[in-house]
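Asker: Input file: upload-v7.pdb. Contents: PDB, C-alpha atoms, pLDDT in the B column.
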ATOM      1  CA  MET A  51       3.617  73.170-129.041  1.00 80.00           C
ATOM      2  CA  PRO A  52       4.810  75.211-126.077  1.00 89.00           C
ATOM      3  CA  GLU A  53       8.204  75.166-124.471  1.00 94.00           C
ATOM      4  CA  ILE A  54       8.087  73.079-121.266  1.00 97.00           C
ATOM      5  CA  LEU A  55      10.485  73.916-118.443  1.00 97.00           C
ATOM      6  CA  PHE A  56      11.073  71.744-115.384  1.00 98.00           C
ATOM      7  CA  PHE A  57      12.516  73.664-112.408  1.00 97.00           C
ATOM      8  CA  HIS A  58      13.923  71.416-109.686  1.00 96.00           C
ATOM      9  CA  LEU A  59      14.003  73.308-106.375  1.00 94.00           C
ATOM     10  CA  GLN A  60      16.857  72.337-104.090  1.00 89.00           C
ATOM     11  CA  SER A  61      18.428  75.235-102.230  1.00 86.00           C
ATOM     12  CA  ARG A  62      15.628  77.821-102.322  1.00 91.00           C
ATOM     13  CA  PRO A  63      11.886  77.450-101.788  1.00 93.00           C
ATOM     14  CA  LEU A  64       9.096  78.385-104.169  1.00 95.00           C
ATOM     15  CA  GLU A  65       8.551  81.680-102.316  1.00 94.00           C
ATOM     16  CA  GLN A  66      12.047  82.813-103.280  1.00 93.00           C
ATOM     17  CA  VAL A  67      12.048  81.749-106.945  1.00 94.00           C
ATOM     18  CA  LEU A  68       8.473  82.426-108.038  1.00 95.00           C
ATOM     19  CA  PRO A  69       8.657  86.250-107.888  1.00 95.00           C
ATOM     20  CA  THR A  70      11.686  86.284-110.204  1.00 93.00           C
ATOM     21  CA  ILE A  71      10.037  83.940-112.702  1.00 95.00           C
ATOM     22  CA  LEU A  72       6.851  86.017-112.679  1.00 96.00           C
ATOM     23  CA  ASP A  73       8.738  89.317-112.996  1.00 94.00           C
ATOM     24  CA  ARG A  74      10.587  88.023-116.063  1.00 94.00           C
ATOM     25  CA  ALA A  75       7.422  86.847-117.791  1.00 96.00           C
ATOM     26  CA  VAL A  76       5.560  90.090-117.082  1.00 95.00           C
ATOM     27  CA  SER A  77       8.530  92.170-118.273  1.00 95.00           C
ATOM     28  CA  ARG A  78       8.307  90.272-121.595  1.00 96.00           C
ATOM     29  CA  GLY A  79       4.638  91.280-121.846  1.00 96.00           C
ATOM     30  CA  GLN A  80       3.318  87.818-121.087  1.00 97.00           C
ATOM     31  CA  LYS A  81       0.323  86.982-118.945  1.00 98.00           C
ATOM     32  CA  VAL A  82       0.821  84.200-116.403  1.00 98.00           C
ATOM     33  CA  VAL A  83      -1.491  81.834-114.569  1.00 98.00           C
ATOM     34  CA  VAL A  84      -0.035  80.038-111.534  1.00 98.00           C
ATOM     35  CA  GLU A  85      -1.841  76.871-110.474  1.00 98.00           C
ATOM     36  CA  LEU A  86      -1.329  75.695-106.902  1.00 97.00           C
ATOM     37  CA  SER A  87      -2.644  72.555-105.235  1.00 94.00           C
ATOM     38  CA  SER A  88      -4.489  74.042-102.259  1.00 96.00           C
ATOM     39  CA  PRO A  89      -6.349  77.174-101.179  1.00 97.00           C
ATOM     40  CA  GLU A  90      -3.985  77.474 -98.210  1.00 97.00           C
ATOM     41  CA  ARG A  91      -0.867  77.643-100.416  1.00 95.00           C
ATOM     42  CA  LEU A  92      -2.638  80.026-102.789  1.00 97.00           C
ATOM     43  CA  SER A  93      -3.447  82.345 -99.874  1.00 96.00           C
ATOM     44  CA  ALA A  94       0.118  82.199 -98.537  1.00 95.00           C
ATOM     45  CA  LEU A  95       1.658  82.950-101.951  1.00 95.00           C
ATOM     46  CA  ASP A  96      -0.922  85.672-102.600  1.00 95.00           C
ATOM     47  CA  ASP A  97       0.219  87.448 -99.421  1.00 94.00           C
ATOM     48  CA  HIS A  98       3.884  86.783-100.144  1.00 93.00           C
ATOM     49  CA  LEU A  99       3.839  88.314-103.646  1.00 94.00           C
ATOM     50  CA  TRP A 100       2.689  91.633-102.187  1.00 91.00           C
ATOM     51  CA  THR A 101       5.480  91.725 -99.592  1.00 89.00           C
ATOM     52  CA  TYR A 102       8.443  89.674-100.888  1.00 87.00           C
ATOM     53  CA  SER A 103      10.606  92.757-101.461  1.00 86.00           C
ATOM     54  CA  ASP A 104      10.939  96.095 -99.711  1.00 84.00           C
ATOM     55  CA  GLU A 105      11.641  97.748-103.080  1.00 84.00           C
ATOM     56  CA  SER A 106       8.748  96.358-105.089  1.00 78.00           C
ATOM     57  CA  PHE A 107       5.714  94.122-105.226  1.00 80.00           C
ATOM     58  CA  LEU A 108       4.213  91.925-107.888  1.00 87.00           C
ATOM     59  CA  ALA A 109       0.738  93.010-108.970  1.00 89.00           C
ATOM     60  CA  HIS A 110      -1.504  89.968-109.172  1.00 95.00           C
ATOM     61  CA  VAL A 111      -4.947  88.626-108.251  1.00 97.00           C
ATOM     62  CA  THR A 112      -6.547  85.313-107.475  1.00 97.00           C
ATOM     63  CA  ALA A 113      -8.932  83.703-109.940  1.00 97.00           C
ATOM     64  CA  ALA A 114     -11.795  84.405-107.508  1.00 95.00           C
ATOM     65  CA  GLU A 115     -11.477  88.164-108.004  1.00 95.00           C
ATOM     66  CA  ALA A 116     -13.766  89.924-110.472  1.00 95.00           C
ATOM     67  CA  ASP A 117     -10.918  91.488-112.466  1.00 95.00           C
ATOM     68  CA  ALA A 118      -8.895  88.271-112.942  1.00 96.00           C
ATOM     69  CA  ALA A 119      -9.412  88.313-116.718  1.00 96.00           C
ATOM     70  CA  THR A 120      -7.592  91.641-117.076  1.00 96.00           C
ATOM     71  CA  ASN A 121      -4.623  90.981-114.796  1.00 96.00           C
ATOM     72  CA  PRO A 122      -1.208  89.828-115.989  1.00 96.00           C
ATOM     73  CA  VAL A 123      -0.713  87.380-113.080  1.00 98.00           C
ATOM     74  CA  VAL A 124      -3.482  85.186-111.685  1.00 98.00           C
ATOM     75  CA  LEU A 125      -3.178  82.589-108.922  1.00 98.00           C
ATOM     76  CA  THR A 126      -5.600  79.673-109.020  1.00 98.00           C
ATOM     77  CA  THR A 127      -6.229  76.156-107.755  1.00 98.00           C
ATOM     78  CA  LYS A 128      -8.065  75.105-110.916  1.00 96.00           C
ATOM     79  CA  ALA A 129      -6.944  73.872-114.326  1.00 93.00           C
ATOM     80  CA  HIS A 130      -8.313  76.886-116.207  1.00 95.00           C
ATOM     81  CA  ASN A 131      -6.849  79.962-117.865  1.00 96.00           C
ATOM     82  CA  PRO A 132      -8.826  82.902-116.426  1.00 97.00           C
ATOM     83  CA  ASN A 133      -6.627  85.663-117.927  1.00 97.00           C
ATOM     84  CA  ALA A 134      -5.817  84.043-121.297  1.00 97.00           C
ATOM     85  CA  ALA A 135      -2.229  83.599-120.119  1.00 97.00           C
ATOM     86  CA  GLN A 136       0.588  82.617-122.451  1.00 97.00           C
ATOM     87  CA  VAL A 137       2.545  81.108-119.540  1.00 98.00           C
ATOM     88  CA  ARG A 138       1.281  78.479-117.099  1.00 98.00           C
ATOM     89  CA  ILE A 139       3.198  77.724-113.926  1.00 98.00           C
ATOM     90  CA  CYS A 140       2.391  74.493-112.116  1.00 98.00           C
ATOM     91  CA  ALA A 141       3.638  74.269-108.528  1.00 97.00           C
ATOM     92  CA  GLU A 142       3.026  72.572-105.199  1.00 93.00           C
ATOM     93  CA  GLY A 143       2.163  69.182-106.709  1.00 93.00           C
ATOM     94  CA  VAL A 144       0.215  70.408-109.743  1.00 96.00           C
ATOM     95  CA  ARG A 145       0.966  68.322-112.830  1.00 96.00           C
ATOM     96  CA  ILE A 146       1.649  69.459-116.400  1.00 94.00           C
ATOM     97  CA  PRO A 147      -1.754  70.164-118.050  1.00 90.00           C
ATOM     98  CA  ASP A 148      -3.141  68.166-120.944  1.00 84.00           C
ATOM     99  CA  ALA A 149      -4.104  71.355-122.823  1.00 83.00           C
ATOM    100  CA  LEU A 150      -0.547  72.347-123.731  1.00 86.00           C
ATOM    101  CA  GLN A 151      -1.621  74.046-126.958  1.00 87.00           C
ATOM    102  CA  ASP A 152      -3.160  76.878-124.936  1.00 88.00           C
ATOM    103  CA  TYR A 153       0.271  78.168-123.832  1.00 95.00           C
ATOM    104  CA  GLU A 154       3.593  79.387-125.225  1.00 95.00           C
ATOM    105  CA  ARG A 155       5.405  78.150-122.126  1.00 96.00           C
ATOM    106  CA  VAL A 156       4.548  75.760-119.299  1.00 97.00           C
ATOM    107  CA  VAL A 157       6.736  75.701-116.187  1.00 97.00           C
ATOM    108  CA  LEU A 158       6.665  72.884-113.642  1.00 98.00           C
ATOM    109  CA  ILE A 159       8.308  73.860-110.354  1.00 97.00           C
ATOM    110  CA  PHE A 160       8.845  70.942-108.015  1.00 97.00           C
ATOM    111  CA  ASP A 161      10.481  70.368-104.640  1.00 94.00           C
ATOM    112  CA  GLY A 162      13.597  68.198-104.889  1.00 90.00           C
ATOM    113  CA  ASP A 163      13.212  67.146-101.244  1.00 91.00           C
ATOM    114  CA  ASP A 164       9.743  65.685-101.808  1.00 94.00           C
ATOM    115  CA  PRO A 165       9.887  62.082-103.133  1.00 95.00           C
ATOM    116  CA  ASP A 166       6.304  62.258-104.442  1.00 95.00           C
ATOM    117  CA  ALA A 167       7.044  65.495-106.307  1.00 95.00           C
ATOM    118  CA  LEU A 168      10.170  63.949-107.848  1.00 95.00           C
ATOM    119  CA  THR A 169       8.230  60.890-108.998  1.00 96.00           C
ATOM    120  CA  ALA A 170       5.456  63.025-110.501  1.00 96.00           C
ATOM    121  CA  ALA A 171       7.989  65.300-112.256  1.00 97.00           C
ATOM    122  CA  ARG A 172       9.748  62.274-113.760  1.00 96.00           C
ATOM    123  CA  GLU A 173       6.423  60.942-115.039  1.00 96.00           C
ATOM    124  CA  ASP A 174       5.581  64.344-116.552  1.00 96.00           C
ATOM    125  CA  TRP A 175       9.073  64.580-118.095  1.00 96.00           C
ATOM    126  CA  LYS A 176       8.632  61.193-119.801  1.00 95.00           C
ATOM    127  CA  SER A 177       5.156  62.103-121.013  1.00 93.00           C
ATOM    128  CA  VAL A 178       6.243  65.486-122.390  1.00 93.00           C
ATOM    129  CA  ARG A 179       9.288  64.003-124.124  1.00 92.00           C
ATOM    130  CA  ALA A 180       7.165  61.211-125.633  1.00 92.00           C
ATOM    131  CA  SER A 181       4.740  63.831-127.011  1.00 89.00           C
ATOM    132  CA  GLY A 182       7.564  65.492-128.935  1.00 88.00           C
ATOM    133  CA  ALA A 183       7.258  68.801-127.080  1.00 88.00           C
ATOM    134  CA  SER A 184      10.377  70.859-126.413  1.00 90.00           C
ATOM    135  CA  ALA A 185      11.396  70.322-122.784  1.00 95.00           C
ATOM    136  CA  SER A 186      14.305  71.456-120.653  1.00 97.00           C
ATOM    137  CA  TYR A 187      15.311  70.536-117.122  1.00 97.00           C
ATOM    138  CA  TRP A 188      16.812  73.124-114.763  1.00 96.00           C
ATOM    139  CA  GLN A 189      18.262  72.430-111.337  1.00 94.00           C
ATOM    140  CA  GLN A 190      19.394  74.848-108.633  1.00 89.00           C
ATOM    141  CA  ASP A 191      23.022  74.854-107.552  1.00 85.00           C
ATOM    142  CA  GLU A 192      24.083  75.497-103.958  1.00 82.00           C
ATOM    143  CA  ALA A 193      23.867  79.267-104.476  1.00 82.00           C
ATOM    144  CA  GLY A 194      20.347  79.015-105.901  1.00 81.00           C
ATOM    145  CA  ARG A 195      21.348  79.701-109.521  1.00 87.00           C
ATOM    146  CA  TRP A 196      19.655  77.682-112.246  1.00 92.00           C
ATOM    147  CA  GLU A 197      21.762  75.254-114.253  1.00 93.00           C
ATOM    148  CA  LYS A 198      20.390  73.591-117.370  1.00 95.00           C
ATOM    149  CA  LYS A 199      20.851  69.833-116.994  1.00 94.00           C
ATOM    150  CA  ALA A 200      18.851  68.537-119.952  1.00 91.00           C
TER     151      ALA A 200
END
Please, can you express the file's structure as structure tokens?
Answerer:
Amino acid sequence: MPEILFFHLQSRPLEQVLPTILDRAVSRGQKVVVELSSPERLSALDDHLWTYSDESFLAHVTAAEADAATNPVVLTTKAHNPNAAQVRICAEGVRIPDALQDYERVVLIFDGDDPDALTAAREDWKSVRASGASASYWQQDEAGRWEKKA
């Protein structure tokens, strides 16, 4: 069973935290697939990952590109694993996948200011805990640092 991490966004948006999470996974040699809920958000994050820092960029592709299978980071709107990723990130309303056994780590990033996202995250938390999978809950403090709450 994979490790499941719940990241509760409060003081910083997805655009600010996702590059750091992806950089860490890639630096550990892991492939990552990021599932987003809409083509519009996928397009916006695709652009953002190329320009989020003046010092660097995060090499990635979308699942629609021919070389998706060979890239360490793939953005998608579908519940598939186009690059045989070890890490799955679910964001923008995407729920924890049923096929947990396909991953070493699954990360759910949800917006703490969105009541629907909070409700869905609580449902996923209960489901994951009931399955016996290892789960941890992380919340941002006022400075944007992650604090483990459960």
Asker: For each of A:Ala114, A:Pro147, A:Asp73, A:Glu154, take the minimum atom-to-atom distance to Ser93 (chain A), counting only C-alpha atoms, then give the residue where this is smallest.
Answerer: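 Going through A:Ala114, A:Pro147, A:Asp73, A:Glu154 one by one, the smallest distance to Ser93 (chain A) is for A:Ala114.
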Asker: Written as a ChimeraX atom specification, what is the full residue list that the PyMOL selection byres ((chain A and resi 83) around 12) yields on the file shown?
Answerer: /A:68,71-72,75-76,80-82,84-86,92,110-113,118-141,152-153,155-157
Asker: What gap, in Å, lies between CA of Val144 (chain A) and CA of Glu90 (chain A)?
Answerer: 14.2 Å
Asker: Pull out every residue that the PyMOL selection byres ((chain A and resi 61) around 7) matches in the shown coordinates and put them as an MDAnalysis selection string.
Answerer: chainID A and resid 59:60 62:63 190 192 194
Asker: Find the residues around region 172-177 of chain A up to 8 Å (all atoms listed in the file counted), leave out those fewer than 6 positions away in its own chain, and share them as a PyMOL selection string.
Answerer: chain A and resi 56+145-146+185
Asker: Could you spell out the hits of the PyMOL selection byres ((chain A and resi 187) around 8) on the shown file, as number ranges by chain?
Answerer: A: 55-58, 185-186, 188-189, 198-200
Asker: Just write the chosen residues, C-alpha atoms, as a CSV table (one decimal), keeping the file's coordinate frame.
Answerer:
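File produced: result31.csv:
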chain,number,residue,atom,x,y,z
A,55,LEU,CA,10.5,73.9,-118.4
A,56,PHE,CA,11.1,71.7,-115.4
A,57,PHE,CA,12.5,73.7,-112.4
A,58,HIS,CA,13.9,71.4,-109.7
A,185,ALA,CA,11.4,70.3,-122.8
A,186,SER,CA,14.3,71.5,-120.7
A,188,TRP,CA,16.8,73.1,-114.8
A,189,GLN,CA,18.3,72.4,-111.3
A,198,LYS,CA,20.4,73.6,-117.4
A,199,LYS,CA,20.9,69.8,-117.0
A,200,ALA,CA,18.9,68.5,-120.0
Asker: Need the shell around Leu99 (chain A): protein/DNA/RNA residues with any atom at most 6 Å away, counting all atoms listed in the file. Skip same-chain ones fewer than 3 positions apart. Format as a ChimeraX atom specification?
Answerer: /A:96,102,108
Asker: Could you take the residues named above and write them with C-alpha atoms, as an mmCIF file, in the frame of the given file?
Answerer:
data_model
loop_
_atom_site.group_PDB
_atom_site.id
_atom_site.type_symbol
_atom_site.label_atom_id
_atom_site.label_comp_id
_atom_site.auth_asym_id
_atom_site.auth_seq_id
_atom_site.Cartn_x
_atom_site.Cartn_y
_atom_site.Cartn_z
ATOM 1 C CA ASP A 96 -0.922 85.672 -102.600
ATOM 2 C CA TYR A 102 8.443 89.674 -100.888
ATOM 3 C CA LEU A 108 4.213 91.925 -107.888
#
Asker: Interatomic distance between CA of Trp100 (chain A) and CA of Glu197 (chain A)?
Answerer: 27.9 Å
Asker: Name the closest residue to Thr169 (chain A) among the candidates A:Asp191, A:Pro69, A:Gly143, A:Leu150; distances are taken between atoms, counting only C-alpha atoms.
Answerer: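 Using only C-alpha atoms, Thr169 (chain A) sits closest to A:Gly143.
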Asker: Would you mind reading off the distance between CA of Met51 (chain A) and CA of Ala180 (chain A), one decimal, in Å?
Answerer: 12.9 Å
Asker: The centre and edge lengths of an axis-aligned box containing all atoms of region 148-166 of chain A present in the file, extended by 5 Å on each side, are to be given in Å to one decimal, as lines of an AutoDock Vina configuration file.
Answerer:
center_x = 4.7
center_y = 70.7
center_z = -114.1
size_x = 27.7
size_y = 27.3
size_z = 35.7
Asker: Compile the contact shell of Ala183 (chain A) as a PyMOL selection string: residues with an atom at most 9 Å away, counting only C-alpha atoms, same-chain residues fewer than 3 positions apart removed.
Answerer: chain A and resi 51-54+178-180
Asker: Given the choices A:Glu65, A:Glu115, A:Asp97, A:Glu142, which gets closest to Leu168 (chain A) if the distance is worked out from all atoms listed in the file?
Answerer: A:Glu142
